[in-house]
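Structure data follow from model_22.csv (CSV, C-alpha atoms):
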```csv
chain,number,residue,atom,x,y,z
H,194,MET,CA,1.1,34.4,-27.0
H,195,ALA,CA,1.5,31.4,-29.3
H,196,GLU,CA,3.0,28.4,-27.6
H,197,LYS,CA,4.6,25.3,-29.0
H,198,LYS,CA,2.3,22.3,-28.6
H,199,TRP,CA,4.4,19.4,-27.4
H,200,LEU,CA,1.6,16.9,-26.5
H,201,PRO,CA,-0.8,15.1,-28.8
H,202,ARG,CA,-3.9,16.9,-29.9
H,203,TRP,CA,-6.3,14.7,-28.0
H,204,PHE,CA,-4.6,15.7,-24.8
H,205,TYR,CA,-5.5,19.3,-25.4
H,206,GLN,CA,-9.0,18.4,-26.4
H,207,LEU,CA,-9.4,16.6,-23.0
H,208,ALA,CA,-9.1,20.0,-21.4
H,209,SER,CA,-12.5,20.9,-22.8
H,210,PRO,CA,-15.1,19.7,-20.4
H,211,ARG,CA,-17.5,18.8,-23.2
H,212,TRP,CA,-14.9,16.7,-25.1
H,213,CYS,CA,-13.8,15.0,-21.9
H,214,TYR,CA,-17.4,14.2,-21.0
H,215,GLN,CA,-18.0,12.6,-24.4
H,216,ILE,CA,-14.7,10.7,-24.5
H,217,CYS,CA,-15.4,9.3,-21.1
H,218,GLY,CA,-18.9,8.3,-22.2
H,219,LYS,CA,-17.4,6.4,-25.2
H,220,LEU,CA,-14.8,4.6,-23.1
H,221,LEU,CA,-17.1,3.7,-20.2
H,222,PRO,CA,-18.9,0.7,-21.7
H,223,TRP,CA,-15.6,-0.9,-22.7
H,224,PHE,CA,-14.0,-0.5,-19.3
H,225,THR,CA,-17.3,-1.7,-17.6
H,226,VAL,CA,-17.3,-4.9,-19.7
H,227,ALA,CA,-13.6,-5.5,-19.0
H,228,MET,CA,-14.1,-4.8,-15.3
H,229,LEU,CA,-17.0,-7.2,-15.0
H,230,LEU,CA,-15.2,-10.0,-16.9
H,231,LEU,CA,-12.0,-9.7,-15.0
H,232,LEU,CA,-13.6,-9.2,-11.6
H,233,VAL,CA,-15.9,-12.2,-11.9
H,234,GLY,CA,-13.3,-14.4,-13.5
H,235,GLY,CA,-10.5,-13.3,-11.2
H,236,THR,CA,-12.7,-13.7,-8.0
H,237,ALA,CA,-13.8,-17.2,-9.0
H,238,TRP,CA,-10.2,-18.2,-10.0
H,239,SER,CA,-8.6,-16.8,-6.9
H,240,LEU,CA,-11.2,-18.1,-4.4
H,241,ALA,CA,-12.0,-21.5,-5.9
H,242,PHE,CA,-9.2,-22.6,-8.2
H,243,ALA,CA,-6.0,-21.2,-7.0
H,244,PRO,CA,-4.2,-23.5,-4.6
H,245,ALA,CA,-4.1,-22.9,-0.8
H,246,ASP,CA,-0.9,-21.8,0.9
H,247,TYR,CA,1.1,-24.5,2.7
H,248,GLN,CA,1.2,-22.6,6.0
H,249,GLN,CA,-1.9,-20.4,6.0
H,250,GLY,CA,-4.3,-22.6,4.2
H,251,ASN,CA,-7.2,-20.7,2.7
H,252,SER,CA,-6.8,-17.6,4.8
H,253,PHE,CA,-4.1,-16.4,2.4
H,254,ARG,CA,-6.8,-15.9,-0.3
H,255,ILE,CA,-7.5,-12.5,1.2
H,256,ILE,CA,-4.3,-11.4,-0.6
H,257,TYR,CA,-6.5,-11.3,-3.7
H,258,LEU,CA,-8.4,-8.3,-2.3
H,259,HIS,CA,-5.7,-6.9,-0.1
H,260,VAL,CA,-2.9,-6.5,-2.6
H,261,PRO,CA,-5.0,-5.0,-5.5
H,262,SER,CA,-6.7,-2.5,-3.1
H,263,ALA,CA,-3.4,-1.4,-1.6
H,264,ILE,CA,-1.8,-1.0,-5.0
H,265,LEU,CA,-4.8,1.0,-6.2
H,266,ALA,CA,-4.9,3.2,-3.1
H,267,GLN,CA,-1.3,4.3,-3.9
H,268,SER,CA,-1.8,4.6,-7.7
H,269,CYS,CA,-4.9,6.7,-7.1
H,270,TYR,CA,-3.0,9.0,-4.8
H,271,MET,CA,-0.3,9.5,-7.4
H,272,LEU,CA,-2.9,10.3,-10.0
H,273,MET,CA,-4.6,12.7,-7.6
H,274,ALA,CA,-1.3,14.5,-6.9
H,275,VAL,CA,-0.3,14.7,-10.5
H,276,ALA,CA,-3.7,16.0,-11.6
H,277,GLY,CA,-3.5,18.5,-8.7
H,278,ALA,CA,-0.1,19.7,-9.9
H,279,ILE,CA,-1.4,20.1,-13.5
H,280,GLY,CA,-4.3,22.0,-12.2
H,281,LEU,CA,-2.0,24.3,-10.2
H,282,ILE,CA,0.4,25.0,-13.0
H,283,TRP,CA,-1.8,25.1,-16.1
H,284,LYS,CA,-5.0,26.1,-14.4
H,285,MET,CA,-6.7,23.2,-16.2
H,286,LYS,CA,-10.2,22.8,-14.9
H,287,ILE,CA,-10.5,19.1,-15.9
H,288,ALA,CA,-7.4,18.3,-13.9
H,289,ASP,CA,-9.0,19.8,-10.8
H,290,LEU,CA,-12.1,17.7,-11.4
H,291,VAL,CA,-10.0,14.5,-11.8
H,292,ALA,CA,-8.2,15.2,-8.6
H,293,LYS,CA,-11.4,15.8,-6.7
H,294,SER,CA,-13.0,12.7,-8.1
H,295,CYS,CA,-10.0,10.5,-7.1
H,296,ALA,CA,-10.1,11.2,-3.4
H,297,PRO,CA,-13.2,9.2,-2.3
H,298,ILE,CA,-12.2,6.2,-4.5
H,299,GLY,CA,-8.7,6.2,-3.0
H,300,ALA,CA,-10.0,6.5,0.5
H,301,SER,CA,-12.2,3.5,0.1
H,302,MET,CA,-9.3,1.5,-1.4
H,303,ALA,CA,-7.1,2.5,1.5
H,304,ILE,CA,-9.6,1.5,4.1
H,305,LEU,CA,-10.3,-1.8,2.2
H,306,ALA,CA,-6.5,-2.6,2.3
H,307,LEU,CA,-6.3,-1.7,6.0
H,308,LEU,CA,-9.4,-3.8,6.9
H,309,THR,CA,-8.4,-6.9,4.8
H,310,GLY,CA,-4.9,-6.6,6.3
H,311,ALA,CA,-6.3,-6.6,9.8
H,312,ILE,CA,-8.5,-9.6,9.1
H,313,TRP,CA,-5.5,-11.4,7.7
H,314,GLY,CA,-3.2,-10.3,10.5
H,315,LYS,CA,-5.2,-11.8,13.3
H,316,PRO,CA,-4.9,-15.4,12.3
H,317,THR,CA,-1.5,-15.1,10.7
H,318,TRP,CA,0.5,-12.8,13.0
H,319,GLY,CA,-1.7,-13.1,16.1
H,320,SER,CA,-2.6,-9.4,16.1
H,321,TRP,CA,-5.1,-7.2,14.3
H,322,TRP,CA,-2.9,-4.2,14.3
H,323,VAL,CA,0.8,-3.4,14.9
H,324,TRP,CA,2.3,0.0,14.7
H,325,ASP,CA,5.0,-0.9,12.3
H,326,ALA,CA,6.2,1.3,9.5
H,327,ARG,CA,4.1,-0.2,6.7
H,328,LEU,CA,0.8,-0.3,8.5
H,329,THR,CA,1.3,3.2,10.0
H,330,SER,CA,2.2,4.8,6.7
H,331,MET,CA,-0.8,3.2,5.0
H,332,LEU,CA,-3.0,4.6,7.8
H,333,VAL,CA,-1.4,8.0,7.1
H,334,LEU,CA,-2.4,7.6,3.4
H,335,PHE,CA,-6.0,7.0,4.5
H,336,PHE,CA,-6.0,10.1,6.7
H,337,LEU,CA,-4.4,12.1,3.8
H,338,TYR,CA,-7.4,11.1,1.6
H,339,LEU,CA,-9.8,12.2,4.4
H,340,GLY,CA,-7.9,15.5,4.7
H,341,VAL,CA,-8.1,16.2,1.0
H,342,MET,CA,-11.8,15.5,1.0
H,343,ALA,CA,-12.5,17.6,4.1
H,344,LEU,CA,-10.4,20.5,2.8
H,345,ASN,CA,-12.1,20.4,-0.6
H,346,SER,CA,-15.5,20.6,0.9
H,347,ALA,CA,-14.6,23.2,3.6
H,348,ILE,CA,-13.7,25.9,1.0
H,349,GLU,CA,-16.6,27.7,-0.7
H,350,SER,CA,-14.9,28.8,-3.9
H,351,GLU,CA,-14.3,25.7,-6.0
H,352,SER,CA,-11.1,27.0,-7.7
H,353,THR,CA,-9.5,27.9,-4.3
H,354,ALA,CA,-10.6,24.5,-2.9
H,355,ALA,CA,-8.9,22.8,-5.9
H,356,GLN,CA,-5.7,24.8,-5.3
H,357,ALA,CA,-5.6,24.1,-1.5
H,358,THR,CA,-6.3,20.4,-2.0
H,359,ALA,CA,-3.7,20.1,-4.7
H,360,VAL,CA,-1.0,21.5,-2.4
H,361,LEU,CA,-2.1,19.1,0.4
H,362,ALA,CA,-2.0,16.2,-2.1
H,363,LEU,CA,1.5,17.2,-3.2
H,364,VAL,CA,2.7,17.5,0.3
H,365,GLY,CA,1.4,14.0,1.1
H,366,LEU,CA,3.1,12.6,-2.1
H,367,VAL,CA,6.2,11.9,0.0
H,368,ASN,CA,4.2,9.2,1.8
H,369,ILE,CA,4.0,7.0,-1.3
H,370,PRO,CA,7.7,6.0,-1.5
H,371,ILE,CA,7.6,5.6,2.3
H,372,ILE,CA,4.8,3.1,2.0
H,373,LYS,CA,6.6,1.2,-0.8
H,374,TYR,CA,10.0,1.0,0.8
H,375,SER,CA,9.0,0.8,4.5
H,376,VAL,CA,9.4,-2.9,4.5
H,377,GLU,CA,12.9,-2.6,3.1
H,378,TRP,CA,14.2,0.4,5.1
H,379,TRP,CA,13.0,-0.7,8.6
H,380,ASN,CA,12.3,-3.8,10.7
H,381,THR,CA,8.6,-4.4,10.2
H,382,LEU,CA,6.2,-7.2,10.9
H,383,HIS,CA,4.7,-6.8,7.4
H,384,GLN,CA,6.5,-9.0,4.9
H,385,PRO,CA,8.3,-7.6,1.9
H,386,ALA,CA,6.5,-7.3,-1.5
H,387,THR,CA,5.5,-10.5,-3.1
H,388,PHE,CA,5.2,-8.8,-6.5
H,389,LYS,CA,8.3,-6.9,-7.7
H,390,LEU,CA,8.8,-5.4,-11.1
H,391,THR,CA,12.4,-6.5,-11.4
H,392,GLU,CA,12.3,-10.0,-10.0
H,393,LYS,CA,10.0,-13.0,-10.5
H,394,PRO,CA,7.2,-13.2,-7.9
H,395,ALA,CA,7.8,-15.1,-4.7
H,396,MET,CA,4.9,-17.4,-5.5
H,397,PRO,CA,4.2,-19.9,-8.2
H,398,ALA,CA,2.3,-18.9,-11.4
H,399,GLU,CA,-1.0,-20.6,-10.4
H,400,MET,CA,-1.1,-18.2,-7.5
H,401,TRP,CA,0.2,-15.0,-9.0
H,402,VAL,CA,-1.7,-15.1,-12.3
H,403,PRO,CA,-5.1,-14.7,-10.6
H,404,LEU,CA,-3.6,-12.0,-8.4
H,405,LEU,CA,-2.5,-10.2,-11.6
H,406,VAL,CA,-6.0,-10.6,-13.0
H,407,MET,CA,-7.4,-9.1,-9.8
H,408,VAL,CA,-5.0,-6.1,-9.9
H,409,ILE,CA,-6.0,-5.4,-13.6
H,410,ALA,CA,-9.7,-5.8,-12.6
H,411,PHE,CA,-9.3,-3.3,-9.8
H,412,TYR,CA,-7.6,-0.8,-12.2
H,413,CYS,CA,-10.6,-1.2,-14.6
H,414,PHE,CA,-13.0,-0.7,-11.7
H,415,PHE,CA,-11.0,2.4,-10.7
H,416,ALA,CA,-11.2,3.7,-14.3
H,417,VAL,CA,-15.0,3.1,-14.5
H,418,VAL,CA,-15.8,4.8,-11.1
H,419,LEU,CA,-13.4,7.6,-11.9
H,420,MET,CA,-15.0,8.3,-15.3
H,421,MET,CA,-18.5,8.2,-13.8
H,422,ARG,CA,-17.6,10.6,-11.0
H,423,LEU,CA,-15.8,12.8,-13.5
H,424,ARG,CA,-18.8,13.0,-15.8
H,425,ASN,CA,-21.0,13.8,-12.9
H,426,GLU,CA,-18.6,16.5,-11.7
H,427,ILE,CA,-18.4,18.0,-15.2
H,428,LEU,CA,-22.2,18.2,-15.6
H,429,ARG,CA,-22.5,19.8,-12.2
H,430,ARG,CA,-19.7,22.4,-12.9
H,431,GLU,CA,-20.9,23.2,-16.4
H,432,ARG,CA,-24.6,23.2,-15.6
H,433,ARG,CA,-24.9,26.8,-16.8
H,434,SER,CA,-23.3,26.2,-20.2
H,435,GLY,CA,-25.3,25.6,-23.4
H,436,TRP,CA,-24.2,22.1,-24.2
H,437,VAL,CA,-25.3,20.7,-20.8
H,438,LYS,CA,-28.7,22.3,-21.1
H,439,GLU,CA,-29.0,20.9,-24.6
H,440,LEU,CA,-28.0,17.5,-23.3
H,441,LEU,CA,-30.5,17.5,-20.5
H,442,LEU,CA,-33.3,18.7,-22.8
H,443,SER,CA,-32.6,16.0,-25.4
H,444,ASN,CA,-32.9,13.3,-22.7
W,222,MET,CA,6.0,27.7,-21.2
W,223,ASN,CA,5.0,31.2,-20.2
W,224,PRO,CA,6.8,32.7,-17.2
W,225,LYS,CA,3.8,32.6,-15.0
W,226,ARG,CA,3.4,28.8,-15.5
W,227,LYS,CA,7.1,28.3,-15.1
W,228,LYS,CA,7.0,30.1,-11.8
W,229,ARG,CA,4.1,27.8,-10.6
W,230,LEU,CA,5.9,24.7,-11.9
W,231,TYR,CA,9.0,25.7,-9.8
W,232,LEU,CA,6.8,26.3,-6.8
W,233,VAL,CA,5.2,22.8,-7.1
W,234,LEU,CA,8.7,21.2,-7.5
W,235,PHE,CA,9.9,23.2,-4.5
W,236,ILE,CA,7.0,21.9,-2.4
W,237,VAL,CA,7.5,18.2,-3.4
W,238,VAL,CA,11.4,18.3,-3.1
W,239,GLY,CA,11.3,20.4,0.1
W,240,VAL,CA,8.8,18.1,1.9
W,241,ALA,CA,10.7,15.0,0.7
W,242,VAL,CA,14.0,16.3,2.1
W,243,ALA,CA,12.5,17.4,5.4
W,244,VAL,CA,10.6,14.1,5.9
W,245,GLY,CA,13.7,12.1,4.8
W,246,LEU,CA,15.9,13.8,7.3
W,247,THR,CA,13.4,13.3,10.1
W,248,MET,CA,12.9,9.6,9.3
W,249,TYR,CA,16.7,9.1,9.1
W,250,ALA,CA,17.0,10.7,12.6
W,251,LEU,CA,14.2,8.6,14.0
W,252,SER,CA,15.0,5.4,12.2
W,253,GLN,CA,15.7,3.5,15.4
W,254,ASN,CA,12.2,4.5,16.7
W,255,ILE,CA,10.5,3.5,13.5
W,256,ASN,CA,12.0,-0.1,13.6
W,257,LEU,CA,9.4,-2.3,15.1
W,258,PHE,CA,11.9,-4.6,16.8
W,259,TYR,CA,15.5,-5.0,17.8
W,260,SER,CA,17.5,-7.8,16.1
W,261,PRO,CA,19.5,-10.3,18.3
W,262,THR,CA,22.7,-8.5,17.1
W,263,GLN,CA,21.5,-5.2,18.4
W,264,ILE,CA,20.5,-6.8,21.7
W,265,ALA,CA,23.9,-8.5,22.0
W,266,GLN,CA,25.6,-5.1,21.4
W,267,GLN,CA,23.4,-3.6,24.1
W,268,GLU,CA,21.7,-1.2,21.7
W,269,ALA,CA,18.4,-2.1,23.1
W,270,PRO,CA,17.3,-0.2,26.3
W,271,GLN,CA,17.7,-2.1,29.5
W,272,GLY,CA,14.8,-2.7,31.9
W,273,ARG,CA,12.2,-1.5,29.4
W,274,ARG,CA,9.7,-3.4,27.4
W,275,ILE,CA,11.1,-4.0,23.9
W,276,ARG,CA,10.4,-6.1,20.9
W,277,ALA,CA,12.9,-8.6,19.5
W,278,GLY,CA,12.6,-10.3,16.1
W,279,GLY,CA,14.4,-13.2,14.6
W,280,MET,CA,14.1,-16.8,13.3
W,281,VAL,CA,13.1,-19.5,15.8
W,282,VAL,CA,16.2,-21.7,16.0
W,283,GLU,CA,15.6,-25.3,14.8
W,284,GLY,CA,15.5,-27.7,17.8
W,285,SER,CA,15.4,-25.0,20.4
W,286,VAL,CA,11.7,-25.0,21.3
W,287,GLN,CA,11.2,-26.5,24.8
W,288,ARG,CA,7.6,-26.8,26.0
W,289,ALA,CA,6.7,-27.5,29.6
W,290,ALA,CA,4.6,-30.7,30.1
W,291,ALA,CA,2.3,-29.2,32.7
W,292,ASP,CA,1.5,-25.7,31.6
W,293,LEU,CA,1.8,-23.3,28.6
W,294,ASP,CA,5.4,-22.3,29.4
W,295,VAL,CA,7.7,-22.4,26.3
W,296,THR,CA,11.3,-21.4,25.8
W,297,PHE,CA,13.0,-21.0,22.5
W,298,ASP,CA,16.0,-19.2,20.9
W,299,ILE,CA,15.6,-16.6,18.1
W,300,THR,CA,18.5,-15.7,15.8
W,301,ASP,CA,19.5,-13.4,13.0
W,302,TYR,CA,22.3,-16.0,12.2
W,303,ALA,CA,24.9,-13.7,13.9
W,304,HIS,CA,23.6,-13.7,17.5
W,305,THR,CA,20.8,-15.5,19.4
W,306,VAL,CA,18.4,-14.4,22.2
W,307,ARG,CA,16.6,-16.8,24.4
W,308,VAL,CA,12.9,-16.1,24.8
W,309,HIS,CA,10.5,-17.4,27.5
W,310,TYR,CA,6.8,-17.1,27.1
W,311,THR,CA,3.7,-18.3,28.8
W,312,GLY,CA,0.6,-18.5,26.7
W,313,ILE,CA,-0.9,-19.6,23.4
W,314,LEU,CA,1.5,-19.1,20.4
W,315,PRO,CA,0.2,-18.0,17.0
W,316,ASP,CA,-0.7,-20.8,14.6
W,317,LEU,CA,2.2,-20.0,12.3
W,318,PHE,CA,4.8,-20.4,15.2
W,319,ARG,CA,7.2,-23.1,14.4
W,320,GLU,CA,10.9,-23.8,14.2
W,321,GLY,CA,12.5,-21.9,11.3
W,322,GLN,CA,9.7,-19.3,11.3
W,323,GLY,CA,10.3,-15.6,11.9
W,324,ILE,CA,8.7,-14.2,15.0
W,325,VAL,CA,8.6,-10.9,16.9
W,326,ALA,CA,8.4,-11.2,20.7
W,327,GLN,CA,7.6,-8.3,23.1
W,328,GLY,CA,8.8,-8.3,26.6
W,329,GLU,CA,11.6,-7.4,29.0
W,330,ILE,CA,15.1,-8.8,29.1
W,331,ASP,CA,15.8,-10.2,32.6
W,332,ALA,CA,19.1,-10.4,34.5
W,333,ASN,CA,20.0,-13.7,32.8
W,334,GLY,CA,19.6,-12.2,29.4
W,335,VAL,CA,16.4,-14.1,28.7
W,336,LEU,CA,13.5,-12.1,27.0
W,337,GLN,CA,10.4,-12.6,29.2
W,338,ALA,CA,7.8,-12.2,26.5
W,339,VAL,CA,4.3,-11.1,27.1
W,340,GLU,CA,3.3,-11.3,23.4
W,341,VAL,CA,4.6,-13.4,20.5
W,342,LEU,CA,3.7,-12.5,16.9
W,343,ALA,CA,4.5,-14.6,13.8
W,344,LYS,CA,6.3,-12.7,11.1
W,345,HIS,CA,5.2,-14.2,7.7
W,346,ASP,CA,7.6,-14.0,4.8
W,347,GLU,CA,6.8,-13.1,1.3
W,348,ASN,CA,6.9,-16.6,0.0
W,349,TYR,CA,3.6,-18.4,-0.8
W,350,MET,CA,3.3,-21.8,-2.2
W,351,PRO,CA,0.8,-24.7,-2.5
W,352,PRO,CA,1.4,-27.6,0.0
W,353,GLU,CA,2.6,-30.0,-2.7
W,354,VAL,CA,5.3,-27.6,-3.8
W,355,ALA,CA,6.3,-27.0,-0.2
W,356,ASP,CA,6.6,-30.8,0.4
W,357,ALA,CA,8.7,-31.2,-2.8
W,358,LEU,CA,11.0,-28.4,-1.9
W,359,GLN,CA,11.4,-29.6,1.7
W,360,LYS,CA,12.3,-33.1,0.4
W,361,ALA,CA,14.9,-31.6,-1.9
W,362,GLY,CA,16.2,-29.4,0.9
W,363,LYS,CA,15.5,-26.2,-1.2
W,364,MET,CA,12.9,-24.5,1.0
W,365,PRO,CA,13.5,-20.8,0.7
W,366,MET,CA,14.5,-19.3,4.1
W,367,PRO,CA,14.4,-15.7,5.1
W,368,ALA,CA,17.9,-14.3,5.2
W,369,GLY,CA,19.4,-13.1,8.4
W,370,GLN,CA,19.5,-9.6,7.1
W,371,GLU,CA,15.8,-9.5,7.1
W,372,PHE,CA,16.0,-9.0,10.8
W,373,ASN,CA,18.8,-6.6,10.7
W,374,LYS,CA,18.1,-3.3,9.0
```
Could the structure of this file be written out as C-alpha cells, please?
Amino acid sequence: MAEKKWLPRWFYQLASPRWCYQICGKLLPWFTVAMLLLLVGGTAWSLAFAPADYQQGNSFRIIYLHVPSAILAQSCYMLMAVAGAIGLIWKMKIADLVAKSCAPIGASMAILALLTGAIWGKPTWGSWWVWDARLTSMLVLFFLYLGVMALNSAIESESTAAQATAVLALVGLVNIPIIKYSVEWWNTLHQPATFKLTEKPAMPAEMWVPLLVMVIAFYCFFAVVLMMRLRNEILRRERRSGWVKELLLSN
Amino acid sequence: MNPKRKKRLYLVLFIVVGVAVAVGLTMYALSQNINLFYSPTQIAQQEAPQGRRIRAGGMVVEGSVQRAAADLDVTFDITDYAHTVRVHYTGILPDLFREGQGIVAQGEIDANGVLQAVEVLAKHDENYMPPEVADALQKAGKMPMPAGQEFNK
C-alpha cells in the first residue's frame, strides 16, 4: 500500500540502521567538541567566576550541576517515551533502540539530581531529604528508569521487551508534568523554578548565563552518550547483516 | 496511516490519557496529604489535625524572634500575611533561618495554640543574587519577598 510521505526524507532514512549508524558517526565529533568546550568553559565559569549567593555563599554553586541534570533527566524520559510510542505504532526498530539507549543515561541524570539536591539540602534547608512532592516525584522518576531497564532485560525476545518497556515508559510519562508543576500545585519545601520560559530568571545574568551554558553542555553530553550507545546497540542488533560484517572486516 | 497503525496510535493515546486522568483524580483527592505543610490560615481555620504532629510553613515575622539568654530556646511567629502561628523550638536553627525567611516547622500545637517544634527547616526561595546586589536592593527597599500565597496552595 502506497502511503503519503509527510516527513522529510532524512527522517525515513534514519529508520535504516545502517544510515542511522553512519549519520550518528558523522555527528559525533561535532557534538563531542561542543560538549567538551561547553562543559569545561561552563564549569570554570560557574565554579570560579560566577558570583556567590548573598545567603548561601558558595554552596549555591551546586545549582550548576543540579539544575542541568534534573532538566536532562526529564527531557531524556520524554524522548524515551516518544521513541517508545513510535516503536509501538510504526514498529520502527531504531526507535526501540533509541528508547533502550535512553534509560541508563536518564537514570544516572536522575540520581545525580537527587544526590546533588540532598548535598545542597543539608546546609540550606537543614535536612538531606524531605518527602515533599518535588523530591518524591523525582525519586519516582528514578525508579521508573530502573523499572524500564529491569523490564527490558527481563524479557528474552528483544521486540517484546521493547513493546513492554514502551508501555511502561508511556504510563510513567504522567510523572513529568507532576515533577514540573509539583512546586506550584502543592506546598513543598523545594523552591519554585528559577528558570522559566515565560518570565525572566529570578537571578542576575552573571549567574544564569553560566547555568544556561551548563544546561546546553549537558544536552550535548546527552547527545554524545546517546549516539555512542545507539551505535553500539545497532551493531549488536545487526551483527548478522552484511554491512556490519564488512565494517568489522575493514577495520 | 494504515488501519493497523491507526489502531495502535489510538491505543497509545488511550494509555497516556487514561493514566493521566486516573493519576490526576487521585492526586486531586489526596491533595491535602501531598502538601508538605499547613499554612497559618489553615491552622487558624482548624483544618490541621489536633493533637498530632504536623508541619507548619510560613515567613518568620520581622522582630518576632525571641532567644533565651541561657539556653537554645527560641520563640518566633510565622505568617502567610493573613494569619500567624507562634512557634517554640529548642535546638540549633538552620543557617538560613532569619527574620523574613520562609521556614517549615514540624511539631504539635499545644493548648495555647503554640507550635512546639521538634524540627525547623529553612525554605529557600527561587531568588539568587550576589551579595552586592542584595545590599543595593536592601538599601533601596526593593528586596524581593516571597508572596503570602507561596505558603497557601
Original post:
Can you tell me, as a PyMOL selection string, what residues are no more than 12 Å from Leu293 of chain W when counting only C-alpha atoms, ignoring any on the same chain fewer than 3 positions away?
Top reply: chain W and resi 287-290+296+309-314
Original post:
Between H:Lys219, H:His383, H:Lys438, H:Arg202, which one has atoms that come closest to Gly323 of chain W, using all atoms listed in the file?
Top reply: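 Answer, going by the shortest atom-to-atom distance: H:His383.
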Subject >> Separation of atom CA of Ala357 of chain H from atom CA of Tyr205 of chain H, in Å and rounded to one decimal >> reply: 24.4 Å
Original post:
At what distance in Å, to one decimal, does atom CA of Gly272 of chain W lie from atom CA of Asp298 of chain W?
Top reply: 19.9 Å
Original post:
Need the neighbours of (8.1, -8.8, 28.8): which residues are at most 9 Å away, counting only C-alpha atoms, as an MDAnalysis selection string?
Top reply: chainID W and resid 273:276 310 326:331 336:340
Subject >> 10 Å contact set for Lys286 of chain H, all atoms listed in the file, chain neighbours under 5 positions out, as number ranges by chain >> reply: H: 208-210, 276, 279-281, 291, 352, 355, 427, 430
Just-selected residues, C-alpha atoms written as a tab-separated table (two decimals), keeping the file's coordinate frame:
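Saved result, part-v4.tsv, follows:
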```tsv
chain	number	residue	atom	x	y	z
H	208	ALA	CA	-9.10	20.00	-21.40
H	209	SER	CA	-12.50	20.90	-22.80
H	210	PRO	CA	-15.10	19.70	-20.40
H	276	ALA	CA	-3.70	16.00	-11.60
H	279	ILE	CA	-1.40	20.10	-13.50
H	280	GLY	CA	-4.30	22.00	-12.20
H	281	LEU	CA	-2.00	24.30	-10.20
H	291	VAL	CA	-10.00	14.50	-11.80
H	352	SER	CA	-11.10	27.00	-7.70
H	355	ALA	CA	-8.90	22.80	-5.90
H	427	ILE	CA	-18.40	18.00	-15.20
H	430	ARG	CA	-19.70	22.40	-12.90
```
**OP:** Hey, list the chain H side of the contact with chain W: 8 Å cut-off, all atoms listed in the file, answer as a ChimeraX atom specification.
**Re:** /H:196,244-249,278,281-283,316-320,324-326,360,363-364,366-367,377-387,395-397,400
Can those selected residues be exported to a file as an mmCIF file, keeping the file's coordinate frame so that it contains C-alpha atoms?
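The result, written out as part21.cif:
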```cif
data_model
loop_
_atom_site.group_PDB
_atom_site.id
_atom_site.type_symbol
_atom_site.label_atom_id
_atom_site.label_comp_id
_atom_site.auth_asym_id
_atom_site.auth_seq_id
_atom_site.Cartn_x
_atom_site.Cartn_y
_atom_site.Cartn_z
ATOM 1 C CA GLU H 196 3.000 28.400 -27.600
ATOM 2 C CA PRO H 244 -4.200 -23.500 -4.600
ATOM 3 C CA ALA H 245 -4.100 -22.900 -0.800
ATOM 4 C CA ASP H 246 -0.900 -21.800 0.900
ATOM 5 C CA TYR H 247 1.100 -24.500 2.700
ATOM 6 C CA GLN H 248 1.200 -22.600 6.000
ATOM 7 C CA GLN H 249 -1.900 -20.400 6.000
ATOM 8 C CA ALA H 278 -0.100 19.700 -9.900
ATOM 9 C CA LEU H 281 -2.000 24.300 -10.200
ATOM 10 C CA ILE H 282 0.400 25.000 -13.000
ATOM 11 C CA TRP H 283 -1.800 25.100 -16.100
ATOM 12 C CA PRO H 316 -4.900 -15.400 12.300
ATOM 13 C CA THR H 317 -1.500 -15.100 10.700
ATOM 14 C CA TRP H 318 0.500 -12.800 13.000
ATOM 15 C CA GLY H 319 -1.700 -13.100 16.100
ATOM 16 C CA SER H 320 -2.600 -9.400 16.100
ATOM 17 C CA TRP H 324 2.300 0.000 14.700
ATOM 18 C CA ASP H 325 5.000 -0.900 12.300
ATOM 19 C CA ALA H 326 6.200 1.300 9.500
ATOM 20 C CA VAL H 360 -1.000 21.500 -2.400
ATOM 21 C CA LEU H 363 1.500 17.200 -3.200
ATOM 22 C CA VAL H 364 2.700 17.500 0.300
ATOM 23 C CA LEU H 366 3.100 12.600 -2.100
ATOM 24 C CA VAL H 367 6.200 11.900 0.000
ATOM 25 C CA GLU H 377 12.900 -2.600 3.100
ATOM 26 C CA TRP H 378 14.200 0.400 5.100
ATOM 27 C CA TRP H 379 13.000 -0.700 8.600
ATOM 28 C CA ASN H 380 12.300 -3.800 10.700
ATOM 29 C CA THR H 381 8.600 -4.400 10.200
ATOM 30 C CA LEU H 382 6.200 -7.200 10.900
ATOM 31 C CA HIS H 383 4.700 -6.800 7.400
ATOM 32 C CA GLN H 384 6.500 -9.000 4.900
ATOM 33 C CA PRO H 385 8.300 -7.600 1.900
ATOM 34 C CA ALA H 386 6.500 -7.300 -1.500
ATOM 35 C CA THR H 387 5.500 -10.500 -3.100
ATOM 36 C CA ALA H 395 7.800 -15.100 -4.700
ATOM 37 C CA MET H 396 4.900 -17.400 -5.500
ATOM 38 C CA PRO H 397 4.200 -19.900 -8.200
ATOM 39 C CA MET H 400 -1.100 -18.200 -7.500
#
```
Would you list the contacts of Gln215 of chain H as a PDB file with C-alpha atoms, keeping the file's coordinate frame, taking every protein, DNA or RNA residue within 10 Å and counting all atoms listed in the file, but skipping same-chain residues closer than 6 positions in sequence?
```pdb
ATOM      1  CA  LEU H 207      -9.400  16.600 -23.000  1.00  0.00           C
ATOM      2  CA  LEU H 221     -17.100   3.700 -20.200  1.00  0.00           C
ATOM      3  CA  ARG H 424     -18.800  13.000 -15.800  1.00  0.00           C
TER       4      ARG H 424
END
```
Original post:
Which value, in Å to one decimal, gives the distance between atom CA of Phe414 of chain H and atom CA of Leu390 of chain H?
Top reply: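 One can read the atom CA of Phe414 of chain H to atom CA of Leu390 of chain H distance as 22.3 Å.
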So that I can check the surroundings of Gly234 of chain H, please list as a compact mmCIF listing (two decimals) with C-alpha atoms, keeping the file's coordinate frame every protein, DNA and RNA residue that reaches within 12 Å of it, counting only C-alpha atoms and ignoring chain neighbours fewer than 5 positions away.
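Result written to around.txt:
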```txt
# COMPACT_ATOMS: atom_id res chain seq x y z
CA ALA H 227 -13.60 -5.50 -19.00
CA MET H 228 -14.10 -4.80 -15.30
CA LEU H 229 -17.00 -7.20 -15.00
CA SER H 239 -8.60 -16.80 -6.90
CA LEU H 240 -11.20 -18.10 -4.40
CA ALA H 241 -12.00 -21.50 -5.90
CA PHE H 242 -9.20 -22.60 -8.20
CA ALA H 243 -6.00 -21.20 -7.00
CA VAL H 402 -1.70 -15.10 -12.30
CA PRO H 403 -5.10 -14.70 -10.60
CA LEU H 404 -3.60 -12.00 -8.40
CA LEU H 405 -2.50 -10.20 -11.60
CA VAL H 406 -6.00 -10.60 -13.00
CA MET H 407 -7.40 -9.10 -9.80
CA ILE H 409 -6.00 -5.40 -13.60
CA ALA H 410 -9.70 -5.80 -12.60
```
